[in-house]
$ cat protein08.cif   # mmCIF, C-alpha atoms
data_model
loop_
_atom_site.group_PDB
_atom_site.id
_atom_site.type_symbol
_atom_site.label_atom_id
_atom_site.label_comp_id
_atom_site.auth_asym_id
_atom_site.auth_seq_id
_atom_site.Cartn_x
_atom_site.Cartn_y
_atom_site.Cartn_z
ATOM 1 C CA MET A 1 11.957 36.627 9.512
ATOM 2 C CA LYS A 2 13.151 34.406 6.661
ATOM 3 C CA SER A 3 15.645 36.960 5.334
ATOM 4 C CA LEU A 4 16.902 37.599 8.850
ATOM 5 C CA GLY A 5 17.481 33.877 9.319
ATOM 6 C CA MET A 6 19.479 33.570 6.086
ATOM 7 C CA ALA A 7 21.490 36.633 7.027
ATOM 8 C CA GLY A 8 22.067 35.139 10.451
ATOM 9 C CA LEU A 9 23.445 31.924 8.994
ATOM 10 C CA LEU A 10 25.796 33.919 6.797
ATOM 11 C CA ILE A 11 26.971 36.062 9.707
ATOM 12 C CA CYS A 12 27.598 32.957 11.781
ATOM 13 C CA ALA A 13 29.516 31.387 8.916
ATOM 14 C CA LEU A 14 31.774 34.402 8.583
ATOM 15 C CA GLY A 15 31.907 35.569 12.182
ATOM 16 C CA VAL A 16 32.103 32.528 14.450
ATOM 17 C CA GLY A 17 33.851 29.985 12.300
ATOM 18 C CA THR A 18 31.267 27.835 10.548
ATOM 19 C CA ALA A 19 32.324 27.208 6.964
ATOM 20 C CA PRO A 20 29.723 27.869 4.235
ATOM 21 C CA ALA A 21 30.243 24.288 2.990
ATOM 22 C CA ALA A 22 29.284 23.022 6.432
ATOM 23 C CA LEU A 23 26.146 25.154 6.380
ATOM 24 C CA ALA A 24 25.195 23.586 3.079
ATOM 25 C CA GLN A 25 25.335 20.190 4.784
ATOM 26 C CA ALA A 26 23.561 21.330 7.956
ATOM 27 C CA MET A 27 20.390 19.337 7.398
ATOM 28 C CA GLN A 28 21.442 16.189 9.288
ATOM 29 C CA PRO A 29 20.917 16.309 13.065
ATOM 30 C CA ASP A 30 23.967 15.022 14.915
ATOM 31 C CA MET A 31 23.093 15.739 18.592
ATOM 32 C CA GLY A 32 26.776 16.540 19.042
ATOM 33 C CA LYS A 33 26.556 19.206 21.774
ATOM 34 C CA LEU A 34 27.180 18.385 25.420
ATOM 35 C CA LEU A 35 24.192 17.353 27.530
ATOM 36 C CA ALA A 36 22.237 20.372 28.872
ATOM 37 C CA THR A 37 24.097 22.920 26.703
ATOM 38 C CA GLY A 38 20.995 23.628 24.628
ATOM 39 C CA GLY A 39 19.275 24.983 27.725
ATOM 40 C CA VAL A 40 15.597 24.424 28.443
ATOM 41 C CA SER A 41 12.552 26.148 26.959
ATOM 42 C CA GLN A 42 12.059 29.629 28.345
ATOM 43 C CA ILE A 43 8.460 30.603 29.139
ATOM 44 C CA GLU A 44 8.250 32.694 25.944
ATOM 45 C CA GLY A 45 9.665 29.894 23.789
ATOM 46 C CA ALA A 46 13.361 30.752 23.462
ATOM 47 C CA GLY A 47 16.216 28.507 24.538
ATOM 48 C CA GLY A 48 17.570 29.424 27.953
ATOM 49 C CA GLY A 49 16.305 29.323 31.505
ATOM 50 C CA GLY A 50 12.698 29.382 32.656
ATOM 51 C CA LEU A 51 12.202 33.135 32.946
ATOM 52 C CA THR A 52 14.888 34.527 30.675
ATOM 53 C CA PRO A 53 16.513 33.690 27.310
ATOM 54 C CA TRP A 54 20.202 32.729 27.245
ATOM 55 C CA ALA A 55 22.788 33.157 24.511
ATOM 56 C CA LEU A 56 22.785 29.377 23.983
ATOM 57 C CA ILE A 57 21.113 28.118 20.796
ATOM 58 C CA THR A 58 18.378 25.582 21.426
ATOM 59 C CA GLY A 59 18.745 21.920 20.523
ATOM 60 C CA TYR A 60 21.784 19.628 20.323
ATOM 61 C CA GLY A 61 22.887 20.329 16.769
ATOM 62 C CA THR A 62 26.503 21.434 16.331
ATOM 63 C CA ARG A 63 27.884 23.895 13.783
ATOM 64 C CA ASP A 64 27.409 21.250 11.095
ATOM 65 C CA SER A 65 23.841 20.381 12.028
ATOM 66 C CA PHE A 66 20.560 21.482 13.543
ATOM 67 C CA GLY A 67 18.394 20.639 16.548
ATOM 68 C CA ALA A 68 14.793 21.152 17.523
ATOM 69 C CA ASN A 69 12.400 20.681 20.424
ATOM 70 C CA ALA A 70 8.833 21.099 21.613
ATOM 71 C CA HIS A 71 7.731 22.039 25.112
ATOM 72 C CA TYR A 72 4.811 22.406 27.463
ATOM 73 C CA THR A 73 5.114 24.687 30.481
ATOM 74 C CA THR A 74 2.613 25.406 33.237
ATOM 75 C CA VAL A 75 2.704 27.906 36.097
ATOM 76 C CA ARG A 76 0.203 27.737 38.967
ATOM 77 C CA THR A 77 -0.188 30.436 41.630
ATOM 78 C CA GLN A 78 -2.915 31.071 44.195
ATOM 79 C CA ASP A 79 -5.264 32.770 41.726
ATOM 80 C CA TYR A 80 -3.843 32.286 38.229
ATOM 81 C CA ALA A 81 -2.610 29.698 35.752
ATOM 82 C CA LEU A 82 -0.347 30.179 32.737
ATOM 83 C CA ASP A 83 0.085 27.426 30.141
ATOM 84 C CA THR A 84 2.602 27.690 27.308
ATOM 85 C CA VAL A 85 3.144 25.338 24.362
ATOM 86 C CA GLY A 86 5.762 25.874 21.716
ATOM 87 C CA ALA A 87 8.568 24.646 19.526
ATOM 88 C CA ALA A 88 12.021 25.868 18.579
ATOM 89 C CA VAL A 89 14.753 24.983 16.104
ATOM 90 C CA GLY A 90 18.421 25.907 16.065
ATOM 91 C CA PHE A 91 20.543 25.893 12.896
ATOM 92 C CA ALA A 92 24.342 25.452 12.855
ATOM 93 C CA ASP A 93 24.474 26.413 16.553
ATOM 94 C CA CYS A 94 24.068 29.979 15.287
ATOM 95 C CA VAL A 95 20.441 30.879 14.612
ATOM 96 C CA GLU A 96 17.326 29.958 16.566
ATOM 97 C CA PHE A 97 13.653 30.314 15.644
ATOM 98 C CA SER A 98 10.854 29.728 18.141
ATOM 99 C CA VAL A 99 7.083 29.862 18.329
ATOM 100 C CA ALA A 100 4.898 29.748 21.429
ATOM 101 C CA GLN A 101 1.342 30.317 22.554
ATOM 102 C CA GLN A 102 0.506 31.426 26.078
ATOM 103 C CA VAL A 103 -2.901 31.041 27.730
ATOM 104 C CA PHE A 104 -3.405 32.978 30.971
ATOM 105 C CA LYS A 105 -6.390 32.108 33.163
ATOM 106 C CA GLY A 106 -7.874 33.445 36.366
ATOM 107 C CA THR A 107 -8.614 30.517 38.662
ATOM 108 C CA GLY A 108 -9.699 32.307 41.818
ATOM 109 C CA GLY A 109 -10.253 35.668 43.449
ATOM 110 C CA ALA A 110 -11.620 38.743 41.689
ATOM 111 C CA LEU A 111 -10.498 37.598 38.225
ATOM 112 C CA ASP A 112 -11.819 34.045 38.303
ATOM 113 C CA GLY A 113 -12.780 33.117 34.733
ATOM 114 C CA LEU A 114 -10.424 35.587 33.042
ATOM 115 C CA ARG A 115 -8.743 34.240 29.905
ATOM 116 C CA ILE A 116 -6.030 35.863 27.754
ATOM 117 C CA ARG A 117 -4.111 34.361 24.816
ATOM 118 C CA GLN A 118 -0.848 35.516 23.307
ATOM 119 C CA ASN A 119 1.209 34.253 20.351
ATOM 120 C CA ILE A 120 4.990 34.743 20.244
ATOM 121 C CA LEU A 121 7.506 34.349 17.405
ATOM 122 C CA GLY A 122 11.167 34.524 18.346
ATOM 123 C CA VAL A 123 14.510 34.761 16.567
ATOM 124 C CA LYS A 124 17.987 34.638 18.117
ATOM 125 C CA LEU A 125 21.413 35.053 16.512
ATOM 126 C CA ARG A 126 24.735 34.123 18.081
ATOM 127 C CA VAL A 127 27.180 36.924 17.307
ATOM 128 C CA ALA A 128 30.307 36.096 19.355
ATOM 129 C CA GLY A 129 31.956 33.567 21.628
ATOM 130 C CA ASP A 130 31.321 29.934 22.463
ATOM 131 C CA ALA A 131 30.041 29.069 25.923
ATOM 132 C CA VAL A 132 31.575 25.566 25.907
ATOM 133 C CA TYR A 133 34.701 25.470 23.762
ATOM 134 C CA THR A 134 36.430 28.698 24.833
ATOM 135 C CA GLN A 135 37.057 27.830 28.476
ATOM 136 C CA ASP A 136 40.421 29.624 28.392
ATOM 137 C CA SER A 137 38.775 32.903 27.317
ATOM 138 C CA GLY A 138 36.878 35.413 29.396
ATOM 139 C CA LEU A 139 34.577 36.175 26.475
ATOM 140 C CA PRO A 140 31.092 34.727 27.013
ATOM 141 C CA GLN A 141 28.824 33.517 24.253
ATOM 142 C CA ILE A 142 26.785 36.508 23.091
ATOM 143 C CA ALA A 143 23.499 36.496 21.184
ATOM 144 C CA VAL A 144 20.938 39.066 20.125
ATOM 145 C CA GLY A 145 17.269 38.300 19.724
ATOM 146 C CA ALA A 146 13.748 39.550 19.254
ATOM 147 C CA MET A 147 10.312 38.324 20.296
ATOM 148 C CA PHE A 148 7.321 39.347 18.183
ATOM 149 C CA LYS A 149 4.195 39.199 20.356
ATOM 150 C CA GLN A 150 0.489 39.388 19.505
ATOM 151 C CA ASN A 151 -2.136 39.602 22.245
ATOM 152 C CA ASN A 152 -5.343 37.926 21.129
ATOM 153 C CA GLY A 153 -7.851 39.641 23.385
ATOM 154 C CA VAL A 154 -9.548 39.207 26.730
ATOM 155 C CA SER A 155 -12.526 37.054 27.728
ATOM 156 C CA GLY A 156 -14.241 36.329 31.013
ATOM 157 C CA LEU A 157 -14.023 39.929 32.273
ATOM 158 C CA PRO A 158 -17.392 41.713 31.944
ATOM 159 C CA GLY A 159 -17.298 44.532 29.407
ATOM 160 C CA VAL A 160 -13.623 43.987 28.524
ATOM 161 C CA THR A 161 -12.503 42.379 25.257
ATOM 162 C CA SER A 162 -9.154 44.095 24.663
ATOM 163 C CA VAL A 163 -6.117 44.936 26.772
ATOM 164 C CA LYS A 164 -6.480 48.502 25.484
ATOM 165 C CA GLN A 165 -9.524 48.823 27.751
ATOM 166 C CA LEU A 166 -7.180 48.140 30.675
ATOM 167 C CA GLY A 167 -4.882 50.999 29.700
ATOM 168 C CA ALA A 168 -2.467 49.314 27.260
ATOM 169 C CA MET A 169 -1.497 51.336 24.198
ATOM 170 C CA LYS A 170 -1.180 48.365 21.814
ATOM 171 C CA GLU A 171 -2.157 44.705 21.488
ATOM 172 C CA SER A 172 1.128 43.753 19.795
ATOM 173 C CA GLY A 173 4.759 44.554 20.345
ATOM 174 C CA VAL A 174 8.371 43.449 20.012
ATOM 175 C CA ASP A 175 10.922 42.727 22.741
ATOM 176 C CA TYR A 176 14.600 43.083 21.806
ATOM 177 C CA TYR A 177 17.394 41.577 23.872
ATOM 178 C CA VAL A 178 21.077 40.797 24.100
ATOM 179 C CA SER A 179 22.254 37.844 26.196
ATOM 180 C CA ALA A 180 25.682 36.768 27.434
ATOM 181 C CA THR A 181 26.205 33.224 28.748
ATOM 182 C CA LYS A 182 29.335 31.743 30.292
ATOM 183 C CA ILE A 183 29.733 28.066 31.197
ATOM 184 C CA LEU A 184 32.558 27.401 33.674
ATOM 185 C CA LEU A 185 33.028 23.653 33.330
ATOM 186 C CA GLU A 186 35.724 23.369 36.015
ATOM 187 C CA ARG A 187 33.414 25.047 38.532
ATOM 188 C CA SER A 188 30.197 23.439 37.242
ATOM 189 C CA LEU A 189 28.621 26.875 36.838
ATOM 190 C CA VAL A 190 26.404 28.490 34.207
ATOM 191 C CA LEU A 191 26.053 32.275 34.368
ATOM 192 C CA ASN A 192 23.809 34.407 32.177
ATOM 193 C CA GLY A 193 22.912 38.056 31.867
ATOM 194 C CA THR A 194 20.251 39.415 29.512
ATOM 195 C CA LEU A 195 19.348 43.022 28.776
ATOM 196 C CA ARG A 196 15.841 43.276 27.335
ATOM 197 C CA PHE A 197 14.309 46.376 25.766
ATOM 198 C CA THR A 198 10.556 46.127 26.135
ATOM 199 C CA LYS A 199 7.172 47.813 26.452
ATOM 200 C CA ALA A 200 5.425 44.569 27.429
ATOM 201 C CA ASN A 201 3.074 44.437 30.404
ATOM 202 C CA GLN A 202 3.308 41.056 32.159
ATOM 203 C CA MET A 203 5.283 39.700 29.173
ATOM 204 C CA GLY A 204 2.596 41.137 26.833
ATOM 205 C CA LEU A 205 -0.350 39.341 28.412
ATOM 206 C CA LEU A 206 -1.672 42.783 29.392
ATOM 207 C CA GLY A 207 -0.558 44.452 26.178
ATOM 208 C CA PHE A 208 2.242 46.875 25.404
ATOM 209 C CA GLY A 209 2.856 50.360 26.768
ATOM 210 C CA GLY A 210 0.279 52.018 28.924
ATOM 211 C CA ASP A 211 -1.293 54.985 30.618
ATOM 212 C CA LYS A 212 1.816 55.486 32.790
ATOM 213 C CA SER A 213 4.549 54.916 30.182
ATOM 214 C CA ASP A 214 4.816 54.012 26.498
ATOM 215 C CA LYS A 215 8.592 53.953 26.060
ATOM 216 C CA TYR A 216 11.046 51.125 25.533
ATOM 217 C CA GLN A 217 12.832 50.484 28.799
ATOM 218 C CA PRO A 218 15.959 48.399 29.496
ATOM 219 C CA MET A 219 15.270 45.509 31.870
ATOM 220 C CA LEU A 220 17.985 43.334 33.402
ATOM 221 C CA GLU A 221 17.537 39.561 33.628
ATOM 222 C CA THR A 222 20.038 37.247 35.312
ATOM 223 C CA SER A 223 20.471 33.514 35.880
ATOM 224 C CA ALA A 224 22.955 31.355 37.775
ATOM 225 C CA ALA A 225 22.960 27.552 37.758
ATOM 226 C CA TYR A 226 25.122 24.911 39.401
ATOM 227 C CA LEU A 227 25.629 21.541 37.719
ATOM 228 C CA PHE A 228 25.360 18.934 40.489
ATOM 229 C CA ASN A 229 26.253 16.311 37.899
ATOM 230 C CA ARG A 230 25.889 15.814 34.144
ATOM 231 C CA ARG A 231 22.125 15.358 34.410
ATOM 232 C CA LEU A 232 20.963 17.674 37.197
ATOM 233 C CA ALA A 233 21.277 21.439 37.569
ATOM 234 C CA GLY A 234 19.813 23.884 40.038
ATOM 235 C CA GLY A 235 19.820 27.640 40.280
ATOM 236 C CA VAL A 236 18.040 30.952 40.561
ATOM 237 C CA GLU A 237 16.718 33.583 38.146
ATOM 238 C CA TYR A 238 15.723 37.236 38.367
ATOM 239 C CA ARG A 239 13.810 39.291 35.809
ATOM 240 C CA MET A 240 13.116 43.025 36.034
ATOM 241 C CA LYS A 241 9.704 44.202 34.828
ATOM 242 C CA PRO A 242 8.427 47.576 33.591
ATOM 243 C CA ASN A 243 5.500 49.346 35.252
ATOM 244 C CA ASN A 244 3.363 50.890 32.500
ATOM 245 C CA LEU A 245 -0.236 50.405 33.678
ATOM 246 C CA LYS A 246 -2.238 52.060 36.441
ATOM 247 C CA VAL A 247 -4.255 48.848 36.878
ATOM 248 C CA ASP A 248 -1.125 46.719 37.310
ATOM 249 C CA ASN A 249 1.503 47.503 39.939
ATOM 250 C CA GLU A 250 3.863 45.150 38.119
ATOM 251 C CA LYS A 251 6.672 43.564 40.137
ATOM 252 C CA ASP A 252 9.893 41.798 39.210
ATOM 253 C CA TYR A 253 9.960 37.999 38.780
ATOM 254 C CA TYR A 254 12.155 35.542 40.701
ATOM 255 C CA ASP A 255 12.470 31.775 40.752
ATOM 256 C CA ALA A 256 14.528 28.905 42.124
ATOM 257 C CA PHE A 257 14.716 25.864 39.855
ATOM 258 C CA LEU A 258 15.923 22.319 39.291
ATOM 259 C CA ALA A 259 16.452 21.009 35.741
ATOM 260 C CA TRP A 260 16.860 17.294 35.030
ATOM 261 C CA PHE A 261 18.347 15.994 31.769
ATOM 262 C CA PRO A 262 17.958 12.180 31.721
ATOM 263 C CA ASN A 263 19.166 12.201 28.097
ATOM 264 C CA LYS A 264 19.395 14.540 25.121
ATOM 265 C CA ASN A 265 15.793 13.902 24.097
ATOM 266 C CA VAL A 266 14.047 14.924 27.307
ATOM 267 C CA SER A 267 14.387 17.543 30.025
ATOM 268 C CA VAL A 268 12.163 18.412 32.971
ATOM 269 C CA THR A 269 12.359 21.720 34.825
ATOM 270 C CA ALA A 270 10.636 22.394 38.150
ATOM 271 C CA ALA A 271 10.715 25.734 39.929
ATOM 272 C CA TYR A 272 9.085 27.833 42.591
ATOM 273 C CA ALA A 273 8.349 31.320 41.280
ATOM 274 C CA TRP A 274 7.560 34.655 42.891
ATOM 275 C CA LEU A 275 5.654 36.828 40.400
ATOM 276 C CA GLY A 276 4.451 39.787 42.444
ATOM 277 C CA ASP A 277 1.162 41.615 41.851
ATOM 278 C CA ILE A 278 -0.748 40.898 38.644
ATOM 279 C CA THR A 279 -3.432 43.599 38.983
ATOM 280 C CA ILE A 280 -4.781 46.047 41.565
ATOM 281 C CA LEU A 281 -8.086 44.166 41.258
ATOM 282 C CA ASN A 282 -6.314 41.398 43.170
ATOM 283 C CA PRO A 283 -3.365 42.915 45.095
ATOM 284 C CA GLN A 284 -2.197 39.614 46.587
ATOM 285 C CA ARG A 285 1.358 38.833 45.538
ATOM 286 C CA GLN A 286 1.387 35.685 43.461
ATOM 287 C CA LYS A 287 3.748 32.762 43.976
ATOM 288 C CA GLY A 288 3.600 29.139 42.982
ATOM 289 C CA PHE A 289 4.992 26.211 41.061
ATOM 290 C CA TYR A 290 6.480 26.102 37.572
ATOM 291 C CA LEU A 291 6.847 22.844 35.629
ATOM 292 C CA SER A 292 8.161 22.402 32.085
ATOM 293 C CA LEU A 293 8.636 19.342 29.881
ATOM 294 C CA GLN A 294 10.821 19.565 26.768
ATOM 295 C CA VAL A 295 11.344 16.860 24.145
ATOM 296 C CA GLY A 296 13.622 17.133 21.146
ATOM 297 C CA PHE A 297 17.033 16.457 19.636
#
$ encode --input "protein08.cif" --output "structure tokens"
Amino acid sequence: MKSLGMAGLLICALGVGTAPAALAQAMQPDMGKLLATGGVSQIEGAGGGGLTPWALITGYGTRDSFGANAHYTTVRTQDYALDTVGAAVGFADCVEFSVAQQVFKGTGGALDGLRIRQNILGVKLRVAGDAVYTQDSGLPQIAVGAMFKQNNGVSGLPGVTSVKQLGAMKESGVDYYVSATKILLERSLVLNGTLRFTKANQMGLLGFGGDKSDKYQPMLETSAAYLFNRRLAGGVEYRMKPNNLKVDNEKDYYDAFLAWFPNKNVSVTAAYAWLGDITILNPQRQKGFYLSLQVGF
């Protein structure tokens, strides 16, 4: 991770215009990016939308600086709750590192009392384009990233302590992705497309690979947001999901969201999410509210 970050800074310096001398002075936060252009905290910790990472680098640090944030996100459906806490830092508007912990709980139905934890480390590298300052170009900002995930076991389900007992092949795994983000300032639009290569079941909460499939699969994720004004944005997201487990007829995710940016230190995102089935033990399709608070600079 550390060597990748140093390599990423060097690539950014050579490939997207940041001078090495500027990188050497990049330890003073300047909060120089436009409001909302750092995105919000994605549910796995990366900068972007709620469900999917974007090519934007988190925080408000420019190419001569850095930015960081912390977040708390909660999702509540009829029978489940997911809480995520995490932090992220972006260097020179080129490289992003993130860390998050997810806690999934059954709050009703057949899985009441279920509890699953997962830790996630993320890294993202901007490789081309600039979503804000190249308005006269059709090239979007492009970034590549990876999420290193570790499932920390199952409790509250009689006789089950590991996701492997539910059919998963592994308790840890890595998601790889490439994202392209375009901000159309004249039209007040933000558009993003992400292609993720993954084996994760329910983002990794039910492990990686399974008794139906244990291959990396490409999954499309898309977002579109409209900027009502400088401080308020609304939009929709879609995230394809693999279907690796016999015990989980996994469905794609959708949401509709509003994000409020009162200033560069705080953002609040509220959404209504449709998450599909979680397990055949409770075949009711899950839907509910998503709320995220981010603080940073």
$ atom_distance --input "protein08.cif" --atom1 "CA of Ile43 in chain A" --atom2 "CA of Glu237 in chain A"
12.6 Å
$ residues_around --input "protein08.cif" --residues "Gln286 in chain A" --least-positions-apart "2" --cutoff "7 Å" --atoms "all atoms listed in the file" --output "mmCIF file with C-alpha atoms, keeping the file's coordinate frame"
data_model
loop_
_atom_site.group_PDB
_atom_site.id
_atom_site.type_symbol
_atom_site.label_atom_id
_atom_site.label_comp_id
_atom_site.auth_asym_id
_atom_site.auth_seq_id
_atom_site.Cartn_x
_atom_site.Cartn_y
_atom_site.Cartn_z
ATOM 1 C CA THR A 77 -0.188 30.436 41.630
ATOM 2 C CA GLN A 78 -2.915 31.071 44.195
ATOM 3 C CA TRP A 274 7.560 34.655 42.891
ATOM 4 C CA LEU A 275 5.654 36.828 40.400
ATOM 5 C CA GLY A 276 4.451 39.787 42.444
ATOM 6 C CA ASP A 277 1.162 41.615 41.851
ATOM 7 C CA GLN A 284 -2.197 39.614 46.587
ATOM 8 C CA GLY A 288 3.600 29.139 42.982
#
$ closest_residue --input "protein08.cif" --among "A:Val154, A:Ala70, A:Lys264, A:Tyr290" --to "Asp30 in chain A" --atoms "only C-alpha atoms"
A:Lys264
$ atom_distance --input "protein08.cif" --atom1 "CA of Asn69 in chain A" --atom2 "CA of Ser267 in chain A"
10.3 Å
$ residues_around --input "protein08.cif" --residues "Met219 in chain A" --least-positions-apart "2" --cutoff "9 Å" --atoms "all atoms listed in the file" --output "ChimeraX atom specification"
/A:194-198,217,221,239-242
$ residues_near_point --input "protein08.cif" --point "(6.9, 43.8, 25.2)" --cutoff "12 Å" --atoms "all atoms listed in the file" --output "count of residues only"
44
$ residues_around --input "protein08.cif" --residues "Gln102 in chain A" --least-positions-apart "3" --cutoff "7 Å" --atoms "all atoms listed in the file" --output "number ranges by chain"
A: 82-85, 117-119
$ write_last_selection --input "protein08.cif" --atoms "C-alpha atoms" --output "CSV table (one decimal), keeping the file's coordinate frame"
chain,number,residue,atom,x,y,z
A,82,LEU,CA,-0.3,30.2,32.7
A,83,ASP,CA,0.1,27.4,30.1
A,84,THR,CA,2.6,27.7,27.3
A,85,VAL,CA,3.1,25.3,24.4
A,117,ARG,CA,-4.1,34.4,24.8
A,118,GLN,CA,-0.8,35.5,23.3
A,119,ASN,CA,1.2,34.3,20.4
$ closest_residue --input "protein08.cif" --among "A:Tyr80, A:Leu51, A:Phe228, A:Gln165" --to "Arg285 in chain A" --atoms "only C-alpha atoms"
A:Tyr80
$ closest_residue --input "protein08.cif" --among "A:Gly235, A:Asp252, A:Phe104, A:Ala92" --to "Thr269 in chain A" --atoms "all atoms listed in the file"
A:Gly235
$ atom_distance --input "protein08.cif" --atom1 "CA of Asp130 in chain A" --atom2 "CA of Phe257 in chain A"
24.4 Å
$ build_atoms --input "protein08.cif" --residues "range 264-279 of chain A" --atoms "N, CA and C atoms" --output "PDB file, in the frame of the given file"
ATOM      1  N   LYS A 264      19.470  13.373  25.996  1.00  0.00           N
ATOM      2  CA  LYS A 264      19.395  14.540  25.121  1.00  0.00           C
ATOM      3  C   LYS A 264      18.023  14.723  24.470  1.00  0.00           C
ATOM      4  N   ASN A 265      17.128  13.798  24.697  1.00  0.00           N
ATOM      5  CA  ASN A 265      15.793  13.902  24.097  1.00  0.00           C
ATOM      6  C   ASN A 265      14.755  14.492  25.028  1.00  0.00           C
ATOM      7  N   VAL A 266      15.053  14.510  26.324  1.00  0.00           N
ATOM      8  CA  VAL A 266      14.047  14.924  27.307  1.00  0.00           C
ATOM      9  C   VAL A 266      14.703  15.785  28.380  1.00  0.00           C
ATOM     10  N   SER A 267      14.000  16.814  28.822  1.00  0.00           N
ATOM     11  CA  SER A 267      14.387  17.543  30.025  1.00  0.00           C
ATOM     12  C   SER A 267      13.127  17.941  30.785  1.00  0.00           C
ATOM     13  N   VAL A 268      13.261  18.010  32.091  1.00  0.00           N
ATOM     14  CA  VAL A 268      12.163  18.412  32.971  1.00  0.00           C
ATOM     15  C   VAL A 268      12.687  19.501  33.892  1.00  0.00           C
ATOM     16  N   THR A 269      11.970  20.611  33.960  1.00  0.00           N
ATOM     17  CA  THR A 269      12.359  21.720  34.825  1.00  0.00           C
ATOM     18  C   THR A 269      11.240  21.997  35.818  1.00  0.00           C
ATOM     19  N   ALA A 270      11.583  22.051  37.097  1.00  0.00           N
ATOM     20  CA  ALA A 270      10.636  22.394  38.150  1.00  0.00           C
ATOM     21  C   ALA A 270      11.164  23.608  38.901  1.00  0.00           C
ATOM     22  N   ALA A 271      10.282  24.515  39.254  1.00  0.00           N
ATOM     23  CA  ALA A 271      10.715  25.734  39.929  1.00  0.00           C
ATOM     24  C   ALA A 271       9.622  26.225  40.862  1.00  0.00           C
ATOM     25  N   TYR A 272      10.034  27.067  41.790  1.00  0.00           N
ATOM     26  CA  TYR A 272       9.085  27.833  42.591  1.00  0.00           C
ATOM     27  C   TYR A 272       9.306  29.295  42.235  1.00  0.00           C
ATOM     28  N   ALA A 273       8.238  29.978  41.837  1.00  0.00           N
ATOM     29  CA  ALA A 273       8.349  31.320  41.280  1.00  0.00           C
ATOM     30  C   ALA A 273       7.598  32.336  42.134  1.00  0.00           C
ATOM     31  N   TRP A 274       8.191  33.511  42.242  1.00  0.00           N
ATOM     32  CA  TRP A 274       7.560  34.655  42.891  1.00  0.00           C
ATOM     33  C   TRP A 274       7.305  35.693  41.808  1.00  0.00           C
ATOM     34  N   LEU A 275       6.030  36.019  41.559  1.00  0.00           N
ATOM     35  CA  LEU A 275       5.654  36.828  40.400  1.00  0.00           C
ATOM     36  C   LEU A 275       5.071  38.192  40.763  1.00  0.00           C
ATOM     37  N   GLY A 276       4.948  38.485  42.032  1.00  0.00           N
ATOM     38  CA  GLY A 276       4.451  39.787  42.444  1.00  0.00           C
ATOM     39  C   GLY A 276       2.981  39.995  42.145  1.00  0.00           C
ATOM     40  N   ASP A 277       2.551  41.277  42.153  1.00  0.00           N
ATOM     41  CA  ASP A 277       1.162  41.615  41.851  1.00  0.00           C
ATOM     42  C   ASP A 277       0.892  41.400  40.365  1.00  0.00           C
ATOM     43  N   ILE A 278      -0.333  40.994  40.044  1.00  0.00           N
ATOM     44  CA  ILE A 278      -0.748  40.898  38.644  1.00  0.00           C
ATOM     45  C   ILE A 278      -1.669  42.058  38.282  1.00  0.00           C
ATOM     46  N   THR A 279      -2.524  42.485  39.215  1.00  0.00           N
ATOM     47  CA  THR A 279      -3.432  43.599  38.983  1.00  0.00           C
ATOM     48  C   THR A 279      -3.900  44.156  40.315  1.00  0.00           C
TER      49      THR A 279
END
